[in-house]
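*Asks:* Here it is, the structure in full.
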Amino acid sequence: MSEARPAVVPERPAGPAPTVGAAADIADRAERRGVIARYAALLPITPATPALTLDEGDTPLIHAPRLADWVGVAELWVKFEGTNPTGSFKDRGMVVAVARAVEAGTRTLLCASTGNTAASAAAYAARAGVQAVVLLPGGRVAGAKIAQALAYGARAIAVDGGFDAALDAARALAADYPVALVNSVNPHRIAGQATAAYEICDALGGAPDVLALPVGNGGNITAYWAGFRRYRALGRTTALPSILGGQAAGAAPLVLGHPVAQPETIASAIRIGRPASWDSAVEAARESGGEFRAVADAAILDAYRAIATREGIFCEPSSAAGVAALRASVAAGRVGRASRAVCVCTGHGLKDPQFAPQLGADAPLVAPSAQALAAALGL
Ligand code: F0G
């Protein structure tokens with residue numbers, strides 16, 4: 001493992017030494033609300049950082065034995081990030097990025113997004129009293145995510161191109177104009193998202209053997225790896241997990257080893273051909289002894305169905321890519337069947353329900369009588 005590269009999570013610039021390590025700290029943490037209050041000592045904040053929160057983080061880690069059977073591992077837990085305030089993991093990092101931007105005097109936040117970053121940026125901008133501008137790949141974003149961004153009062157602009165082009169445009173705009181870019185190229189986003197790794201270690205008493213998650217722009221896999229390493233450095237876990245990144249087969253640049261010009265998949269949140277955090281994502285998979293795995297859309301939908309019907313967890317299709325990848329890696333002998341695994345389900349199913357009818361049969365229209373119902377049910 002090369003430790004020579006600079007840490008992905010910036011050190012806290014000033015203020016008292018971290019209090020982690022004290023036994024009382026975990027109990028205190030449960031009393032505090034939101035990522036900034038709970039993890040102040042592990043975040044790049046200053047005494048002047050506003051105490052922004054929508055009570056993000058502290059999401060459930062759900063024991064999933066029936067999904068474990070389907071995947072083929074001994075023990076499986078689902079970290080369900082869909083319970084965050086805007087329904088995705090983005091809120092963990094967004095709260096830190098927006099707080100720091102507001103601290104620096106920014107009045108306008110900017111992001112390119114396949115939808116979830118936009119919803120999150122819009123919510124935290126509203127909460128902080130600043131404006132969000134969100135650039136969305138034209139015609140390619142789940143309607144509920146656009147509705148969220150607009151509901152929170154963001155200015156939404158459809159860009160004539162995919163996510164990669166939209167992010168290029170956002171970066172160019174932010175370089176020349178007084179707007180704060182809150183995509184995951186912003187290190188405050190990564191530092192905030194790393195808190196999910198801390199929560200998993202605290203809940204399990206250490207890191208799992210393998211952590212599987214969907215990968216699009218590469219920010220979240222970077223954040224998890226940074227988080228696990230940070231926790232190990234603090235003595236909070238002795239082990240580190242192998243990190244398994246699931247990519248949709250039609251949008252799998254990190255599996256192929258080169259950018260994909262026209263990424264295509266039903267998993268619109270991860271329809272990305274040129275991940276901005278390419279190097280750090282590759283480093284996370286390599287250093288951790290993990291891998292990237294491409295999964296066909298049909299396998300993503302199979303996993304989507306299994307997560308919902310076997311455990312009662314409704315995530316968006318993109319979120320299922322990590323579970324699909326884990327199942328494929330077990331079948332390929334790359335992940336041992338005795339493993340204790342955590343799958344991150346990154347976003348809520350209600351955000352992108354277009355494929356939900358495929359989870360089961362349609363609801364037939366039946367007369368409102370016991371007789372008709374009994375006939376329809378074959379009773
Ligand atoms: N899962 C969901 C539900 C997402 O929305 C994203 C990314 C990912 C996984 C992948 O995370 O990009 O850090 O590798 N969504 C971004 C967005 C691109 O704009 O909302 P990543």
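Letters for chains follow the order of the structure tokens (A, B, ...), residue numbers begin at 1 for each chain, and ligand numbers begin at 1 in the order shown.
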Env of A:Asp168: 12 Å cut, atoms = only C-alpha atoms, seq-sep filter 2 positions within chain, self excluded. Answer as a list in words.

*Replies:*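 The residues satisfying every condition are Cys111, Ala112, Ser113, Leu135, Pro137, Val159, Gly161, Gly162, Phe163, Asp164, Ala165, Ala166, Ala170, Arg171, Ala172, Leu173, Ala174, Ala175, Leu181, Asn183, Val185, Arg274, Pro275 and Ala276 of chain A.
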
*Asks:* Using only C-alpha atoms and all ligand atoms, determine which residues fall within 6 Å of ligand 1, then list them as a ChimeraX atom specification.

*Replies:* /A:113-117,214-220,269-270,318-319,346-347

*Asks:* Could the residues in this selection be written to a file with C-alpha atoms, as a PDB file, in the first residue's frame?

*Replies:*
ATOM      1  CA  SER A 113     -25.367  16.202 -11.522  1.00  0.00           C
ATOM      2  CA  THR A 114     -27.125  13.058 -12.590  1.00  0.00           C
ATOM      3  CA  GLY A 115     -29.736  14.164 -10.039  1.00  0.00           C
ATOM      4  CA  ASN A 116     -28.844  13.335  -6.458  1.00  0.00           C
ATOM      5  CA  THR A 117     -26.054  15.854  -6.023  1.00  0.00           C
ATOM      6  CA  PRO A 214     -21.905   1.604  -7.001  1.00  0.00           C
ATOM      7  CA  VAL A 215     -19.298   3.812  -8.670  1.00  0.00           C
ATOM      8  CA  GLY A 216     -19.991   6.684 -11.035  1.00  0.00           C
ATOM      9  CA  ASN A 217     -17.808   9.762 -10.682  1.00  0.00           C
ATOM     10  CA  GLY A 218     -15.563   7.961  -8.176  1.00  0.00           C
ATOM     11  CA  GLY A 219     -16.106  10.294  -5.227  1.00  0.00           C
ATOM     12  CA  ASN A 220     -17.826   7.921  -2.845  1.00  0.00           C
ATOM     13  CA  ALA A 269     -27.270   8.109 -11.451  1.00  0.00           C
ATOM     14  CA  ILE A 270     -24.059   6.343 -12.508  1.00  0.00           C
ATOM     15  CA  SER A 318     -28.100   2.594  -9.450  1.00  0.00           C
ATOM     16  CA  SER A 319     -27.800   1.678  -5.782  1.00  0.00           C
ATOM     17  CA  THR A 346     -26.769   4.913  -1.995  1.00  0.00           C
ATOM     18  CA  GLY A 347     -30.191   6.349  -2.845  1.00  0.00           C
TER      19      GLY A 347
END

*Asks:* Excluding stretch 65-72 of chain A and its own-chain neighbours fewer than 3 positions away, which residues fall within 12 Å of it when counting only C-alpha atoms? Please give them as a ChimeraX atom specification.

*Replies:* /A:62,75-78,212,299,302-313,320,322-343

*Asks:* Please provide as an MDAnalysis selection string all residues within 9 Å of stretch 84-99 of chain A, with the sequence filter that same-chain residues fewer than 4 positions apart are discarded (counting only C-alpha atoms).

*Replies:* chainID A and resid 34:36 43:45 49:59 80 103:104 106 109 116:117 119:121 123:125 128 148 180:184 186:196 220 345:351

*Asks:* Write out as a PyMOL selection string all residues of stretch 54-226 of chain A that backbone DSSP assigns to strand (DSSP E or B).

*Replies:* chain A and resi 61-63+75-80+88+108-112+131-137+155-159+180-181+210-214

*Asks:* Grab the residues selected above and save them as an mmCIF file, in the first residue's frame with N, CA and C atoms.

*Replies:*
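Okay, this is what ended up in out13.cif:
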data_model
loop_
_atom_site.group_PDB
_atom_site.id
_atom_site.type_symbol
_atom_site.label_atom_id
_atom_site.label_comp_id
_atom_site.auth_asym_id
_atom_site.auth_seq_id
_atom_site.Cartn_x
_atom_site.Cartn_y
_atom_site.Cartn_z
ATOM 1 N N LEU A 61 -27.794 0.543 9.423
ATOM 2 C CA LEU A 61 -27.011 -0.565 8.885
ATOM 3 C C LEU A 61 -27.867 -1.806 9.153
ATOM 4 N N ILE A 62 -28.454 -2.330 8.092
ATOM 5 C CA ILE A 62 -29.509 -3.336 8.239
ATOM 6 C C ILE A 62 -28.958 -4.742 7.969
ATOM 7 N N HIS A 63 -29.131 -5.622 8.934
ATOM 8 C CA HIS A 63 -28.698 -7.007 8.767
ATOM 9 C C HIS A 63 -29.587 -7.648 7.705
ATOM 10 N N GLU A 75 -22.437 -13.360 5.620
ATOM 11 C CA GLU A 75 -23.028 -12.271 6.407
ATOM 12 C C GLU A 75 -23.081 -11.018 5.557
ATOM 13 N N LEU A 76 -24.233 -10.389 5.531
ATOM 14 C CA LEU A 76 -24.398 -9.190 4.702
ATOM 15 C C LEU A 76 -25.189 -8.133 5.465
ATOM 16 N N TRP A 77 -24.715 -6.904 5.343
ATOM 17 C CA TRP A 77 -25.383 -5.751 5.935
ATOM 18 C C TRP A 77 -25.598 -4.730 4.836
ATOM 19 N N VAL A 78 -26.739 -4.051 4.896
ATOM 20 C CA VAL A 78 -27.003 -2.972 3.940
ATOM 21 C C VAL A 78 -26.916 -1.639 4.670
ATOM 22 N N LYS A 79 -26.021 -0.799 4.202
ATOM 23 C CA LYS A 79 -25.956 0.579 4.711
ATOM 24 C C LYS A 79 -26.916 1.373 3.848
ATOM 25 N N PHE A 80 -28.082 1.706 4.407
ATOM 26 C CA PHE A 80 -29.141 2.308 3.591
ATOM 27 C C PHE A 80 -29.082 3.826 3.663
ATOM 28 N N SER A 88 -30.345 10.521 -0.364
ATOM 29 C CA SER A 88 -29.118 9.883 -0.863
ATOM 30 C C SER A 88 -27.924 10.235 0.024
ATOM 31 N N THR A 108 -23.435 31.728 -4.169
ATOM 32 C CA THR A 108 -23.987 30.836 -5.194
ATOM 33 C C THR A 108 -23.193 29.535 -5.242
ATOM 34 N N LEU A 109 -23.932 28.425 -5.159
ATOM 35 C CA LEU A 109 -23.319 27.098 -5.263
ATOM 36 C C LEU A 109 -23.617 26.540 -6.643
ATOM 37 N N LEU A 110 -22.701 25.750 -7.158
ATOM 38 C CA LEU A 110 -22.873 25.203 -8.501
ATOM 39 C C LEU A 110 -22.508 23.724 -8.497
ATOM 40 N N CYS A 111 -23.300 22.922 -9.215
ATOM 41 C CA CYS A 111 -22.889 21.532 -9.443
ATOM 42 C C CYS A 111 -23.432 21.046 -10.773
ATOM 43 N N ALA A 112 -22.747 20.047 -11.315
ATOM 44 C CA ALA A 112 -23.310 19.234 -12.400
ATOM 45 C C ALA A 112 -23.786 17.959 -11.730
ATOM 46 N N GLN A 131 -28.017 30.567 -2.976
ATOM 47 C CA GLN A 131 -28.619 30.064 -4.216
ATOM 48 C C GLN A 131 -27.852 28.840 -4.737
ATOM 49 N N ALA A 132 -28.570 27.839 -5.219
ATOM 50 C CA ALA A 132 -27.922 26.712 -5.909
ATOM 51 C C ALA A 132 -28.263 26.767 -7.392
ATOM 52 N N VAL A 133 -27.256 26.516 -8.209
ATOM 53 C CA VAL A 133 -27.463 26.354 -9.648
ATOM 54 C C VAL A 133 -27.051 24.921 -9.980
ATOM 55 N N VAL A 134 -27.961 24.167 -10.591
ATOM 56 C CA VAL A 134 -27.657 22.761 -10.886
ATOM 57 C C VAL A 134 -27.715 22.515 -12.387
ATOM 58 N N LEU A 135 -26.672 21.905 -12.909
ATOM 59 C CA LEU A 135 -26.595 21.585 -14.338
ATOM 60 C C LEU A 135 -26.915 20.103 -14.515
ATOM 61 N N LEU A 136 -27.921 19.822 -15.311
ATOM 62 C CA LEU A 136 -28.407 18.446 -15.449
ATOM 63 C C LEU A 136 -28.283 17.992 -16.898
ATOM 64 N N PRO A 137 -27.815 16.760 -17.132
ATOM 65 C CA PRO A 137 -27.788 16.230 -18.498
ATOM 66 C C PRO A 137 -29.205 16.247 -19.080
ATOM 67 N N ARG A 155 -31.920 26.893 -9.138
ATOM 68 C CA ARG A 155 -32.038 27.189 -10.571
ATOM 69 C C ARG A 155 -31.489 25.974 -11.297
ATOM 70 N N ALA A 156 -32.349 25.306 -12.044
ATOM 71 C CA ALA A 156 -31.931 24.100 -12.771
ATOM 72 C C ALA A 156 -31.751 24.448 -14.236
ATOM 73 N N ILE A 157 -30.637 23.998 -14.798
ATOM 74 C CA ILE A 157 -30.368 24.225 -16.214
ATOM 75 C C ILE A 157 -30.063 22.870 -16.854
ATOM 76 N N ALA A 158 -30.810 22.555 -17.911
ATOM 77 C CA ALA A 158 -30.535 21.320 -18.651
ATOM 78 C C ALA A 158 -29.409 21.609 -19.643
ATOM 79 N N VAL A 159 -28.393 20.777 -19.616
ATOM 80 C CA VAL A 159 -27.247 20.976 -20.497
ATOM 81 C C VAL A 159 -27.373 20.001 -21.674
ATOM 82 N N ALA A 180 -19.281 28.603 -6.021
ATOM 83 C CA ALA A 180 -18.547 27.505 -5.362
ATOM 84 C C ALA A 180 -19.002 26.177 -5.953
ATOM 85 N N LEU A 181 -18.039 25.430 -6.466
ATOM 86 C CA LEU A 181 -18.346 24.124 -7.060
ATOM 87 C C LEU A 181 -18.502 23.096 -5.934
ATOM 88 N N VAL A 210 -15.497 -6.980 3.212
ATOM 89 C CA VAL A 210 -15.652 -6.363 1.892
ATOM 90 C C VAL A 210 -16.755 -5.324 1.956
ATOM 91 N N LEU A 211 -16.516 -4.217 1.259
ATOM 92 C CA LEU A 211 -17.526 -3.173 1.127
ATOM 93 C C LEU A 211 -17.814 -3.025 -0.362
ATOM 94 N N ALA A 212 -19.091 -3.169 -0.730
ATOM 95 C CA ALA A 212 -19.464 -3.048 -2.141
ATOM 96 C C ALA A 212 -20.354 -1.824 -2.333
ATOM 97 N N LEU A 213 -20.073 -1.073 -3.396
ATOM 98 C CA LEU A 213 -20.875 0.128 -3.650
ATOM 99 C C LEU A 213 -20.875 0.449 -5.139
ATOM 100 N N PRO A 214 -21.905 1.180 -5.599
ATOM 101 C CA PRO A 214 -21.905 1.604 -7.001
ATOM 102 C C PRO A 214 -20.919 2.739 -7.207
#

*Asks:* Any idea what the distance is between atom CA of A:Arg100 and atom CA of A:Arg230?

*Replies:* 21.1 Å
